[in-house]
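Data block for work29.cif (mmCIF, C-alpha atoms):
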data_coords
loop_
_atom_site.label_atom_id
_atom_site.label_comp_id
_atom_site.auth_asym_id
_atom_site.auth_seq_id
_atom_site.Cartn_x
_atom_site.Cartn_y
_atom_site.Cartn_z
CA MET S 1 -47.25 21.33 -28.28
CA GLN S 2 -49.29 21.43 -25.09
CA VAL S 3 -48.05 21.20 -21.49
CA THR S 4 -50.74 20.78 -18.83
CA GLU S 5 -50.15 20.65 -15.10
CA THR S 6 -51.61 17.52 -13.50
CA LEU S 7 -50.04 17.62 -10.03
CA ASN S 8 -48.82 20.38 -7.74
CA GLU S 9 -48.61 19.06 -4.20
CA GLY S 10 -45.79 20.21 -1.96
CA LEU S 11 -42.67 19.64 -4.03
CA LYS S 12 -44.29 17.04 -6.26
CA ARG S 13 -45.02 18.09 -9.82
CA GLY S 14 -46.79 16.35 -12.69
CA TYR S 15 -47.38 17.43 -16.30
CA ALA S 16 -49.03 16.02 -19.38
CA ILE S 17 -47.17 16.85 -22.58
CA THR S 18 -48.82 16.48 -25.97
CA VAL S 19 -46.88 16.73 -29.20
CA THR S 20 -49.29 16.84 -32.11
CA ALA S 21 -48.92 14.66 -35.16
CA ALA S 22 -48.74 17.81 -37.30
CA GLU S 23 -45.76 19.10 -35.31
CA LEU S 24 -43.97 15.77 -35.62
CA ASP S 25 -44.60 15.59 -39.34
CA GLU S 26 -43.37 19.15 -39.83
CA LYS S 27 -40.12 18.49 -37.99
CA VAL S 28 -39.51 15.27 -39.92
CA ASN S 29 -39.98 17.20 -43.16
CA GLU S 30 -37.56 19.87 -41.94
CA LYS S 31 -34.90 17.24 -41.32
CA LEU S 32 -35.49 15.66 -44.72
CA VAL S 33 -35.23 19.04 -46.49
CA GLU S 34 -32.00 19.73 -44.61
CA ALA S 35 -30.55 16.35 -45.59
CA GLN S 36 -31.86 16.23 -49.17
CA PRO S 37 -28.93 18.01 -50.89
CA GLY S 38 -26.45 15.41 -49.70
CA VAL S 39 -28.52 12.25 -50.31
CA GLU S 40 -27.48 9.89 -53.11
CA MET S 41 -29.81 7.12 -54.30
CA LYS S 42 -29.64 4.80 -57.27
CA GLY S 43 -31.53 6.25 -60.23
CA PHE S 44 -31.33 9.85 -59.04
CA ARG S 45 -28.71 12.53 -59.15
CA LYS S 46 -27.25 13.64 -55.85
CA GLY S 47 -29.66 16.02 -54.13
CA LYS S 48 -32.53 15.22 -56.51
CA VAL S 49 -34.19 12.34 -54.65
CA PRO S 50 -37.94 13.15 -54.36
CA MET S 51 -39.16 14.06 -50.86
CA ALA S 52 -41.83 11.35 -50.94
CA LEU S 53 -39.17 8.70 -51.52
CA LEU S 54 -36.91 10.17 -48.84
CA LYS S 55 -39.77 10.14 -46.37
CA LYS S 56 -40.58 6.53 -47.19
CA GLN S 57 -36.93 5.54 -46.82
CA PHE S 58 -35.93 7.56 -43.76
CA GLY S 59 -39.12 8.96 -42.24
CA GLN S 60 -39.71 6.23 -39.66
CA ARG S 61 -36.16 6.44 -38.32
CA LEU S 62 -36.31 10.23 -38.16
CA MET S 63 -39.66 10.09 -36.37
CA GLY S 64 -38.02 8.52 -33.29
CA GLU S 65 -35.38 11.26 -33.21
CA VAL S 66 -38.02 13.97 -33.61
CA MET S 67 -40.18 12.53 -30.83
CA GLN S 68 -37.24 12.48 -28.40
CA GLU S 69 -36.08 15.97 -29.39
CA SER S 70 -39.61 17.35 -29.04
CA ILE S 71 -40.09 15.88 -25.57
CA ASP S 72 -36.63 17.04 -24.44
CA GLY S 73 -37.36 20.49 -25.85
CA ALA S 74 -40.69 20.68 -24.05
CA MET S 75 -39.02 19.73 -20.77
CA SER S 76 -36.27 22.32 -21.20
CA GLU S 77 -38.78 25.05 -22.01
CA HIS S 78 -40.85 24.08 -18.98
CA PHE S 79 -37.93 24.23 -16.54
CA GLU S 80 -36.75 27.52 -18.00
CA ALA S 81 -40.21 29.06 -17.79
CA SER S 82 -41.15 27.67 -14.36
CA GLY S 83 -37.76 28.05 -12.69
CA ASP S 84 -38.15 24.56 -11.23
CA ARG S 85 -35.04 22.50 -10.57
CA PRO S 86 -35.77 18.75 -10.35
CA ALA S 87 -34.33 17.06 -7.27
CA MET S 88 -33.63 13.93 -9.29
CA GLN S 89 -34.00 12.88 -12.94
CA PRO S 90 -37.66 13.44 -13.94
CA GLU S 91 -39.73 10.33 -14.65
CA VAL S 92 -40.99 10.47 -18.23
CA LYS S 93 -43.23 7.89 -19.86
CA MET S 94 -45.31 7.74 -23.01
CA THR S 95 -48.96 7.08 -22.18
CA ASN S 96 -50.27 6.06 -25.60
CA GLU S 97 -48.17 2.94 -26.01
CA ASP S 98 -50.24 1.87 -29.02
CA TRP S 99 -49.03 4.97 -30.87
CA LYS S 100 -48.87 4.77 -34.65
CA GLU S 101 -47.76 7.26 -37.26
CA GLY S 102 -50.36 10.00 -37.58
CA ASP S 103 -51.20 10.01 -33.86
CA ASP S 104 -50.33 12.67 -31.33
CA VAL S 105 -47.67 11.73 -28.76
CA ASN S 106 -48.87 11.87 -25.15
CA VAL S 107 -46.27 11.94 -22.39
CA GLU S 108 -46.45 12.15 -18.60
CA MET S 109 -43.60 13.87 -16.74
CA SER S 110 -43.28 13.81 -12.95
CA TYR S 111 -40.58 14.99 -10.57
CA GLU S 112 -39.89 16.54 -7.21
CA ALA S 113 -38.77 20.15 -7.37
CA LEU S 114 -35.92 21.45 -5.27
CA PRO S 115 -37.30 23.78 -2.60
CA ALA S 116 -36.69 27.50 -2.36
CA ILE S 117 -33.88 27.99 0.18
CA PRO S 118 -34.36 30.86 2.66
CA ASP S 119 -31.57 33.39 3.13
CA VAL S 120 -29.16 32.90 6.02
CA ASP S 121 -27.85 35.80 8.07
CA MET S 122 -24.25 34.60 8.28
CA ALA S 123 -23.24 37.51 10.49
CA ALA S 124 -25.64 36.20 13.15
CA LEU S 125 -23.83 32.87 13.36
CA LYS S 126 -21.61 32.67 16.45
CA LEU S 127 -18.70 30.22 16.28
CA GLU S 128 -15.95 29.22 18.67
CA ARG S 129 -12.54 28.30 17.30
CA LEU S 130 -10.32 26.26 19.62
CA VAL S 131 -6.66 27.34 19.54
CA VAL S 132 -3.89 25.09 20.83
CA LYS S 133 -0.25 26.09 21.18
CA ALA S 134 2.45 23.44 20.91
CA GLU S 135 3.70 22.80 24.44
CA ASP S 136 7.31 21.89 25.22
CA SER S 137 6.19 18.47 26.48
CA ALA S 138 4.54 17.67 23.12
CA ILE S 139 7.63 18.83 21.23
CA ASP S 140 9.87 16.70 23.48
CA GLU S 141 7.61 13.69 22.96
CA THR S 142 7.93 14.09 19.19
CA LEU S 143 11.71 14.44 19.49
CA THR S 144 11.87 11.24 21.52
CA SER S 145 9.90 9.47 18.80
CA LEU S 146 12.36 10.77 16.22
CA THR S 147 15.30 9.39 18.19
CA GLU S 148 13.73 5.94 18.00
CA ASN S 149 13.38 6.23 14.23
CA ALA S 150 16.95 7.50 13.93
CA GLN S 151 18.40 4.85 16.23
CA ASN S 152 21.90 3.51 15.69
CA PHE S 153 23.32 0.09 16.47
CA LYS S 154 26.49 -0.83 18.35
CA ASP S 155 28.22 -4.17 18.74
CA ARG S 156 27.08 -6.31 21.63
CA LYS S 157 29.69 -7.88 23.89
CA LYS S 158 31.40 -10.84 22.32
CA GLY S 159 29.36 -14.00 22.85
CA SER S 160 26.08 -12.12 23.46
CA LYS S 161 22.94 -13.64 22.04
CA ALA S 162 20.78 -11.67 19.60
CA LYS S 163 17.50 -10.37 20.99
CA ASP S 164 14.34 -9.21 19.31
CA GLY S 165 15.02 -5.67 18.08
CA ASP S 166 18.76 -6.30 17.62
CA GLN S 167 20.47 -5.94 14.27
CA VAL S 168 22.11 -9.08 12.89
CA VAL S 169 24.66 -8.76 10.06
CA PHE S 170 25.00 -12.07 8.21
CA ASP S 171 25.61 -13.89 4.94
CA PHE S 172 23.01 -16.36 3.73
CA VAL S 173 22.42 -18.85 0.94
CA GLY S 174 18.89 -20.16 0.32
CA LYS S 175 18.14 -23.57 -1.18
CA VAL S 176 14.96 -25.32 -2.30
CA ASP S 177 15.21 -29.11 -2.73
CA GLY S 178 18.96 -28.73 -2.22
CA GLU S 179 19.36 -26.30 -5.11
CA VAL S 180 20.37 -22.65 -4.70
CA PHE S 181 17.63 -20.40 -6.12
CA GLU S 182 17.99 -16.99 -7.71
CA GLY S 183 17.63 -14.05 -5.32
CA GLY S 184 18.03 -16.25 -2.24
CA SER S 185 21.60 -15.27 -1.32
CA ALA S 186 23.31 -12.17 0.06
CA GLU S 187 26.44 -11.09 1.91
CA GLY S 188 26.67 -8.66 4.79
CA HIS S 189 22.90 -8.24 5.02
CA ALA S 190 21.79 -6.19 8.04
CA LEU S 191 18.46 -7.36 9.46
CA VAL S 192 16.61 -5.95 12.48
CA LEU S 193 14.95 -8.91 14.19
CA GLY S 194 11.22 -8.41 14.49
CA SER S 195 11.04 -5.95 11.60
CA GLY S 196 9.10 -8.37 9.40
CA GLN S 197 11.49 -7.80 6.52
CA PHE S 198 11.86 -11.52 5.79
CA ILE S 199 9.18 -14.17 5.26
CA PRO S 200 7.29 -15.36 8.37
CA GLY S 201 9.30 -17.59 10.67
CA PHE S 202 12.72 -16.51 9.45
CA GLU S 203 13.63 -13.76 11.89
CA GLU S 204 12.36 -15.65 14.93
CA GLN S 205 14.93 -18.40 14.28
CA LEU S 206 17.79 -15.90 14.42
CA VAL S 207 16.88 -14.80 17.94
CA GLY S 208 19.60 -16.22 20.18
CA VAL S 209 22.37 -16.44 17.57
CA LYS S 210 25.89 -15.14 18.30
CA ALA S 211 28.55 -13.53 16.16
CA ASP S 212 30.63 -16.06 14.15
CA GLU S 213 27.87 -18.66 14.51
CA GLU S 214 26.41 -20.78 11.69
CA LYS S 215 22.65 -21.27 11.64
CA ALA S 216 20.36 -23.18 9.28
CA VAL S 217 16.95 -21.53 9.04
CA THR S 218 14.10 -23.61 7.64
CA VAL S 219 10.94 -21.80 6.47
CA SER S 220 8.14 -22.24 3.96
CA PHE S 221 7.27 -19.58 1.44
CA PRO S 222 3.64 -18.40 1.67
CA ASP S 223 1.21 -19.94 -0.82
CA ASP S 224 0.59 -16.49 -2.30
CA TYR S 225 4.29 -15.59 -2.56
CA GLN S 226 4.94 -13.25 -5.49
CA ALA S 227 7.52 -15.59 -7.06
CA GLU S 228 5.25 -18.43 -8.23
CA HIS S 229 8.09 -20.98 -8.52
CA LEU S 230 8.75 -20.59 -4.78
CA ALA S 231 5.19 -20.24 -3.49
CA GLY S 232 4.35 -22.83 -0.87
CA LYS S 233 7.79 -24.49 -1.00
CA GLU S 234 10.10 -25.24 1.93
CA ALA S 235 13.50 -23.56 1.87
CA VAL S 236 16.65 -23.86 3.95
CA PHE S 237 18.85 -20.80 4.45
CA ASP S 238 22.42 -21.41 5.55
CA CYS S 239 23.28 -18.33 7.59
CA SER S 240 26.71 -17.18 8.66
CA VAL S 241 26.40 -14.56 11.42
CA LYS S 242 29.05 -11.84 11.30
CA GLU S 243 27.85 -9.31 13.88
CA VAL S 244 25.17 -8.89 16.54
CA LYS S 245 24.34 -5.30 17.42
CA GLU S 246 22.02 -3.72 19.96
CA PRO S 247 19.91 -0.61 19.26
CA VAL S 248 21.08 2.71 20.63
CA ALA S 249 18.70 5.66 20.59
CA ALA S 250 20.01 8.79 18.92
CA GLU S 251 20.77 11.81 21.08
CA ILE S 252 18.50 14.85 20.97
CA ASP S 253 21.05 17.26 19.52
CA ASP S 254 22.04 19.14 16.37
CA GLU S 255 23.18 15.89 14.74
CA LEU S 256 19.66 14.47 15.10
CA ALA S 257 18.27 17.67 13.56
CA THR S 258 20.47 17.35 10.48
CA LYS S 259 19.20 13.80 9.93
CA PHE S 260 15.71 15.27 9.53
CA GLY S 261 16.77 18.13 7.25
CA ALA S 262 17.07 20.93 9.82
CA ASP S 263 20.13 23.11 10.37
CA ASP S 264 20.13 22.66 14.12
CA LEU S 265 18.02 21.47 17.04
CA ALA S 266 16.32 24.85 17.54
CA THR S 267 15.17 24.85 13.90
CA LEU S 268 13.89 21.29 14.22
CA LYS S 269 11.91 22.22 17.34
CA THR S 270 10.35 25.15 15.49
CA ARG S 271 9.34 22.88 12.62
CA ILE S 272 7.84 20.35 15.03
CA ALA S 273 5.87 23.11 16.78
CA GLU S 274 4.53 24.35 13.44
CA GLN S 275 3.57 20.83 12.42
CA LEU S 276 1.81 20.14 15.71
CA GLU S 277 -0.08 23.43 15.59
CA GLY S 278 -1.09 22.67 12.00
CA GLU S 279 -2.51 19.34 13.15
CA TYR S 280 -4.27 21.06 16.06
CA ALA S 281 -5.75 23.63 13.66
CA GLY S 282 -7.11 20.88 11.43
CA ALA S 283 -8.77 19.15 14.38
CA ALA S 284 -10.10 22.47 15.69
CA ARG S 285 -11.58 23.22 12.29
CA ALA S 286 -13.47 19.92 12.37
CA VAL S 287 -14.91 20.82 15.77
CA MET S 288 -15.89 24.31 14.62
CA LYS S 289 -17.40 22.91 11.41
CA ARG S 290 -19.66 20.60 13.41
CA GLY S 291 -20.81 23.53 15.51
CA LEU S 292 -21.50 25.54 12.37
CA LEU S 293 -23.48 22.74 10.75
CA ASP S 294 -25.51 22.30 13.93
CA GLN S 295 -26.44 25.99 13.83
CA LEU S 296 -27.26 25.91 10.12
CA ASP S 297 -29.43 22.83 10.62
CA THR S 298 -31.76 24.85 12.86
CA ALA S 299 -31.27 28.28 11.27
CA VAL S 300 -33.64 27.70 8.35
CA SER S 301 -36.57 25.45 7.60
CA PHE S 302 -37.83 24.26 4.23
CA ASP S 303 -39.49 21.23 2.66
CA LEU S 304 -37.21 18.38 1.65
CA PRO S 305 -37.68 16.29 -1.52
CA PRO S 306 -38.80 12.85 -0.25
CA SER S 307 -36.85 11.07 -3.01
CA LEU S 308 -33.57 12.64 -1.89
CA VAL S 309 -34.22 11.81 1.76
CA GLU S 310 -35.13 8.22 0.92
CA ALA S 311 -32.03 7.74 -1.26
CA GLU S 312 -29.78 9.23 1.42
CA ALA S 313 -31.36 7.10 4.16
CA LYS S 314 -30.73 3.96 2.10
CA GLN S 315 -27.14 5.01 1.55
CA ILE S 316 -26.61 5.60 5.28
CA ALA S 317 -28.20 2.27 6.20
CA HIS S 318 -26.06 0.47 3.62
CA GLN S 319 -22.85 2.10 4.84
CA LEU S 320 -23.55 1.40 8.51
CA TRP S 321 -24.49 -2.21 7.76
CA HIS S 322 -21.17 -2.79 6.00
CA GLU S 323 -19.29 -1.22 8.91
CA ASP S 324 -21.01 -3.70 11.24
CA ASN S 325 -20.43 -6.59 8.78
CA PRO S 326 -16.93 -6.02 7.38
CA ASP S 327 -16.66 -9.59 6.05
CA PHE S 328 -19.33 -8.94 3.41
CA GLU S 329 -18.07 -7.44 0.18
CA GLY S 330 -20.10 -6.12 -2.72
CA HIS S 331 -23.89 -6.20 -2.61
CA ASP S 332 -24.51 -9.91 -2.09
CA HIS S 333 -26.21 -9.52 1.27
CA PRO S 334 -29.70 -9.48 2.79
CA GLU S 335 -31.95 -6.50 2.09
CA ILE S 336 -31.13 -3.63 4.42
CA GLU S 337 -34.08 -1.78 5.90
CA THR S 338 -33.91 1.90 6.81
CA THR S 339 -34.91 3.02 10.30
CA ASP S 340 -36.25 6.27 11.72
CA GLU S 341 -32.72 7.03 12.90
CA HIS S 342 -31.42 6.66 9.35
CA LYS S 343 -34.19 8.91 8.07
CA THR S 344 -33.50 11.60 10.68
CA LEU S 345 -29.80 11.65 9.79
CA ALA S 346 -30.70 11.66 6.08
CA GLU S 347 -32.96 14.68 6.54
CA ARG S 348 -30.13 16.58 8.21
CA ARG S 349 -27.67 15.70 5.44
CA VAL S 350 -30.09 16.61 2.66
CA ARG S 351 -31.07 19.87 4.35
CA LEU S 352 -27.46 20.91 4.91
CA GLY S 353 -26.43 19.74 1.45
CA LEU S 354 -29.10 21.86 -0.25
CA LEU S 355 -28.36 24.83 1.99
CA LEU S 356 -24.59 24.74 1.42
CA ALA S 357 -25.12 24.32 -2.32
CA GLU S 358 -27.36 27.38 -2.36
CA LEU S 359 -24.96 29.47 -0.29
CA GLY S 360 -22.06 28.39 -2.48
CA GLN S 361 -23.93 29.25 -5.66
CA LYS S 362 -24.87 32.71 -4.36
CA ALA S 363 -21.26 33.33 -3.33
CA GLU S 364 -20.05 32.04 -6.73
CA VAL S 365 -17.84 29.46 -5.04
CA GLU S 366 -16.00 27.32 -7.58
CA VAL S 367 -13.55 24.44 -7.44
CA THR S 368 -10.64 25.25 -9.73
CA ASP S 369 -9.00 22.83 -12.15
CA ALA S 370 -5.80 23.04 -10.09
CA GLU S 371 -7.68 22.06 -6.92
CA MET S 372 -9.30 19.13 -8.71
CA SER S 373 -5.97 17.95 -10.10
CA GLN S 374 -4.43 18.09 -6.64
CA ALA S 375 -7.33 16.07 -5.21
CA ILE S 376 -7.02 13.46 -7.95
CA MET S 377 -3.27 13.12 -7.43
CA THR S 378 -3.75 12.79 -3.67
CA GLN S 379 -6.26 10.00 -4.24
CA ALA S 380 -4.05 8.38 -6.88
CA ARG S 381 -1.22 7.94 -4.36
CA GLN S 382 -3.33 5.24 -2.74
CA TYR S 383 -2.67 3.12 -5.84
CA PRO S 384 1.15 2.93 -6.15
CA GLY S 385 2.25 2.14 -9.68
CA GLN S 386 -1.24 2.75 -11.07
CA GLU S 387 -1.41 6.53 -10.67
CA ARG S 388 -1.72 7.16 -14.41
CA GLN S 389 -4.53 4.63 -14.86
CA PHE S 390 -6.41 6.14 -11.90
CA PHE S 391 -6.02 9.65 -13.33
CA GLU S 392 -7.38 8.52 -16.71
CA PHE S 393 -10.25 6.68 -15.01
CA VAL S 394 -11.32 9.83 -13.15
CA GLN S 395 -11.09 11.92 -16.32
CA GLN S 396 -13.56 9.57 -18.03
CA ASN S 397 -15.89 9.13 -15.06
CA GLN S 398 -18.20 12.05 -14.27
CA GLN S 399 -19.54 10.40 -11.11
CA MET S 400 -16.03 9.94 -9.70
CA GLN S 401 -15.21 13.56 -10.52
CA GLN S 402 -18.29 14.67 -8.60
CA GLN S 403 -17.31 12.53 -5.60
CA LEU S 404 -13.93 14.28 -5.49
CA ARG S 405 -15.31 17.77 -6.20
CA ALA S 406 -18.12 17.67 -3.59
CA PRO S 407 -15.95 17.79 -0.42
CA LEU S 408 -13.72 20.47 -1.97
CA PHE S 409 -16.78 22.60 -2.74
CA GLU S 410 -18.21 22.05 0.75
CA ASP S 411 -14.96 23.08 2.44
CA LYS S 412 -14.79 26.27 0.38
CA VAL S 413 -18.40 27.12 1.25
CA ILE S 414 -17.67 26.48 4.93
CA ASP S 415 -14.67 28.83 4.70
CA HIS S 416 -16.90 31.47 3.09
CA ILE S 417 -19.45 31.20 5.90
CA VAL S 418 -16.76 31.35 8.60
CA GLU S 419 -15.32 34.51 7.03
CA ASN S 420 -18.72 36.18 7.39
CA ALA S 421 -19.70 34.75 10.79
CA SER S 422 -18.79 35.98 14.25
CA VAL S 423 -15.82 33.83 15.35
CA THR S 424 -14.29 33.84 18.83
CA ASP S 425 -10.93 32.20 19.47
CA LYS S 426 -10.59 30.14 22.65
CA GLU S 427 -7.19 28.90 23.77
CA VAL S 428 -7.32 25.35 25.17
CA SER S 429 -4.94 22.49 25.86
CA ALA S 430 -4.20 19.64 23.47
CA ASP S 431 -6.10 17.31 25.81
CA ASP S 432 -9.17 19.56 25.69
CA LEU S 433 -9.05 19.54 21.88
CA LYS S 434 -8.65 15.77 21.83
CA ALA S 435 -11.71 15.40 24.06
CA ALA S 436 -13.72 17.68 21.76
CA VAL S 437 -12.74 15.59 18.72
CA GLU S 438 -13.60 12.34 20.51
CA ALA S 439 -17.00 13.80 21.40
CA LEU S 440 -17.65 14.31 17.68
CA GLU S 441 -16.79 10.70 16.94
CA ASP S 442 -19.12 9.47 19.67
CA GLU S 443 -22.14 11.32 18.29
#
Produce structure tokens that represent the structure in this file.
Amino acid sequence: MQVTETLNEGLKRGYAITVTAAELDEKVNEKLVEAQPGVEMKGFRKGKVPMALLKKQFGQRLMGEVMQESIDGAMSEHFEASGDRPAMQPEVKMTNEDWKEGDDVNVEMSYEALPAIPDVDMAALKLERLVVKAEDSAIDETLTSLTENAQNFKDRKKGSKAKDGDQVVFDFVGKVDGEVFEGGSAEGHALVLGSGQFIPGFEEQLVGVKADEEKAVTVSFPDDYQAEHLAGKEAVFDCSVKEVKEPVAAEIDDELATKFGADDLATLKTRIAEQLEGEYAGAARAVMKRGLLDQLDTAVSFDLPPSLVEAEAKQIAHQLWHEDNPDFEGHDHPEIETTDEHKTLAERRVRLGLLLAELGQKAEVEVTDAEMSQAIMTQARQYPGQERQFFEFVQQNQQMQQQLRAPLFEDKVIDHIVENASVTDKEVSADDLKAAVEALEDE
């Protein structure tokens, strides 16, 4: 077997691989000898079929296997000996397409090698971490929001009309074409007007009703209603109003705290403060991460594989186009051209991606099975009722696994860099942090 370099320009590599006919024939014979003891053929005892007959019967099929194994072996030996890591799958093609048995096999292999990544002095990186304490005003604002969620209802004065946001307690019987239908009746049902609990048009017709009043509500079920026998049909609901109640916000006290699982108001305030500061810390981390990536982007310089940059630029252009054209689904759209702006962003992403991968590898950063399982389960919650199917899909899909593993790996590498960098804490207000986050989104 011969491997000859044909191209070495920047990161581009090219090689001519020749597998001689003698090598191919030898490997075919080795496979036949290995298989011979188990071969049965009419007219011969098991294991006694002559090699010439075996070669005539199976040689051509084995030749294809041997050719592929030889080429794969030559590639593996080359990458092991050279230390090259291809940026993308190497392009391999057979050059003597008129090959026939007895000829050498000539193959061309080309690829772009991943560049050597320079070392980064992490201790020289200077980062600023924004720290926000939960202020009393923010805690009070959250408590006020909780009182709205924990609101109670009290009876309105007799004869008062129901308003949007009121709770109406009523009995109802639904009919389609004069016939009562299953699931269309209830007694003592409590409905908050404007909550959207009932089909469109129903709740609006109860605005203005009074206690002890009868009201016929006429609506049409949506065409895509889940019960097919009702979809698109008009229904009349005979409603008997029992009570009309107005909302009353809960008091900020120990009773409110117990509704949200806390022993008392002081404990609830502590929990709210911890939750707010956790949210602040997450936002502050995003700001610090951007600052870190900006520094890393200029800290080192190395050649980028053009194929990776081009693929990333196309991906960016495609994503941005769909954000600007949300009505288009799938890939049935005009061809999307990449711009210099897309290419510049792609170069940054590729550079940082290669750098973080190298730093993570040197630090032996790994994503554990437990972390992957947690990520899969978190993603699966977006598909209620189909969690098991999603989990099985991910287990069988290597590309999906990589999509979930990549951000986990990146976060762990970022944490590793931060641990070794020079970090200064800076206490700021929640408004300052919000402005910093909005600045990220505007870039």
Task: Best match for closeness to Gly38 in chain S among S:Leu356, S:Met400, S:Leu54, S:Val173, counting only C-alpha atoms - done: S:Leu54
Task: Picked residues, the PyMOL selection byres ((chain S and resi 348) around 12), expected as a PyMOL selection string - done: chain S and resi 293-298+300-304+308-309+312-313+316+341-347+349-356
TODO: Step by step, work through what the PyMOL selection byres ((chain S and resi 201-203) around 12) selects in the shown file, and finish by giving those residues as a ChimeraX atom specification.
DONE: /S:162-168,172,174,190-200,204-209,215-222,234-239
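Applied to this file, the PyMOL selection byres ((chain S and resi 69-77) around 9) selects the residues S:Met1, S:Gln2, S:Val3, S:Ile17, S:Thr18, S:Val19, S:Glu23, S:Leu24, S:Gly64, S:Glu65, S:Val66, S:Met67, S:Gln68, S:His78, S:Phe79, S:Glu80, S:Ala81, S:Ser82, S:Val107, S:Met109.
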TODO: Rank S:Gly14, S:Lys31, S:Gly291, S:Asp140 by their smallest atom-to-atom distance to Lys93 in chain S, using only C-alpha atoms, and report the top residue only.
DONE: S:Gly14
- [ ] Measuring atom to atom with all atoms listed in the file, identify which of S:Asp98, S:Leu265, S:Met51, S:Ala249 is nearest to Gln36 in chain S.
- [x]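 Nearest candidate to Gln36 in chain S out of S:Asp98, S:Leu265, S:Met51, S:Ala249: S:Met51.
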Open item on the list: What does the structure give for the distance between CA of Asp119 in chain S and CA of Gln403 in chain S, in Å to one decimal?
Closed with: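 These two atoms are separated by 26.7 Å.
Of the residues under consideration (S:Val132, S:Leu125, S:Val39, S:Leu11), S:Val132 shows the shortest atom-to-atom contact distance to Tyr280 in chain S when counting all atoms listed in the file.
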Task: Å distance separating CA of Pro247 in chain S from CA of Gln151 in chain S, one decimal place - done: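 Taking CA of Pro247 in chain S and CA of Gln151 in chain S, their separation equals 6.4 Å.
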Task: Residue among S:Val365, S:Ala22, S:Glu243, S:Glu419 lying closest to Ala406 in chain S, counting only C-alpha atoms - done: S:Val365
TODO: Find the residues near Glu371 in chain S: any atom within 12 Å, counting all atoms listed in the file, skip ones fewer than 6 places away on the same chain, and give them as a list in words.
DONE: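 After dropping sequence-adjacent residues, the list is Met377, Thr378, Gln401, Leu404, Arg405, Ala406, Pro407, Leu408, Phe409, Asp411 and Lys412 of chain S.
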Open item on the list: Could you check the closest approach to Thr267 in chain S for each of S:Glu279, S:Asp253, S:Asp432, S:Asp223 and tell me which residue wins, using only C-alpha atoms?
Closed with: S:Asp253
Task: Atomic separation - CA of Glu214 in chain S relative to CA of Asp171 in chain S, Å - done: 9.7 Å
Open item on the list: If we draw a sphere of 12 Å around (16.1, 20.8, 12.1), which residues have at least one atom in it when counting only C-alpha atoms? Please report them as a PyMOL selection string.
Closed with: chain S and resi 143+146+252-273
TODO: Give me the residues within 9 Å of Gly59 in chain S as a ChimeraX atom specification, counting all atoms listed in the file and dropping any in the same chain fewer than 6 places off.
DONE: /S:28-29,32
Restricting the output to C-alpha atoms, write the selected residues as a PDB file, in the frame of the given file.
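Written out: part13.pdb:
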ATOM      1  CA  VAL S  28     -39.510  15.270 -39.920  1.00  0.00           C
ATOM      2  CA  ASN S  29     -39.980  17.200 -43.160  1.00  0.00           C
ATOM      3  CA  LEU S  32     -35.490  15.660 -44.720  1.00  0.00           C
TER       4      LEU S  32
END
Task: Within 12 Å of Asp431 in chain S using only C-alpha atoms, minus same-chain residues under 3 positions, as a list in words - done: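 Final neighbour list, sorted by chain and number: Leu130, Val131, Val132, Lys133, Ala134, Glu135, Ala138, Tyr280, Ala283, Glu427, Val428, Lys434, Ala435, Ala436, Val437 and Glu438 of chain S.
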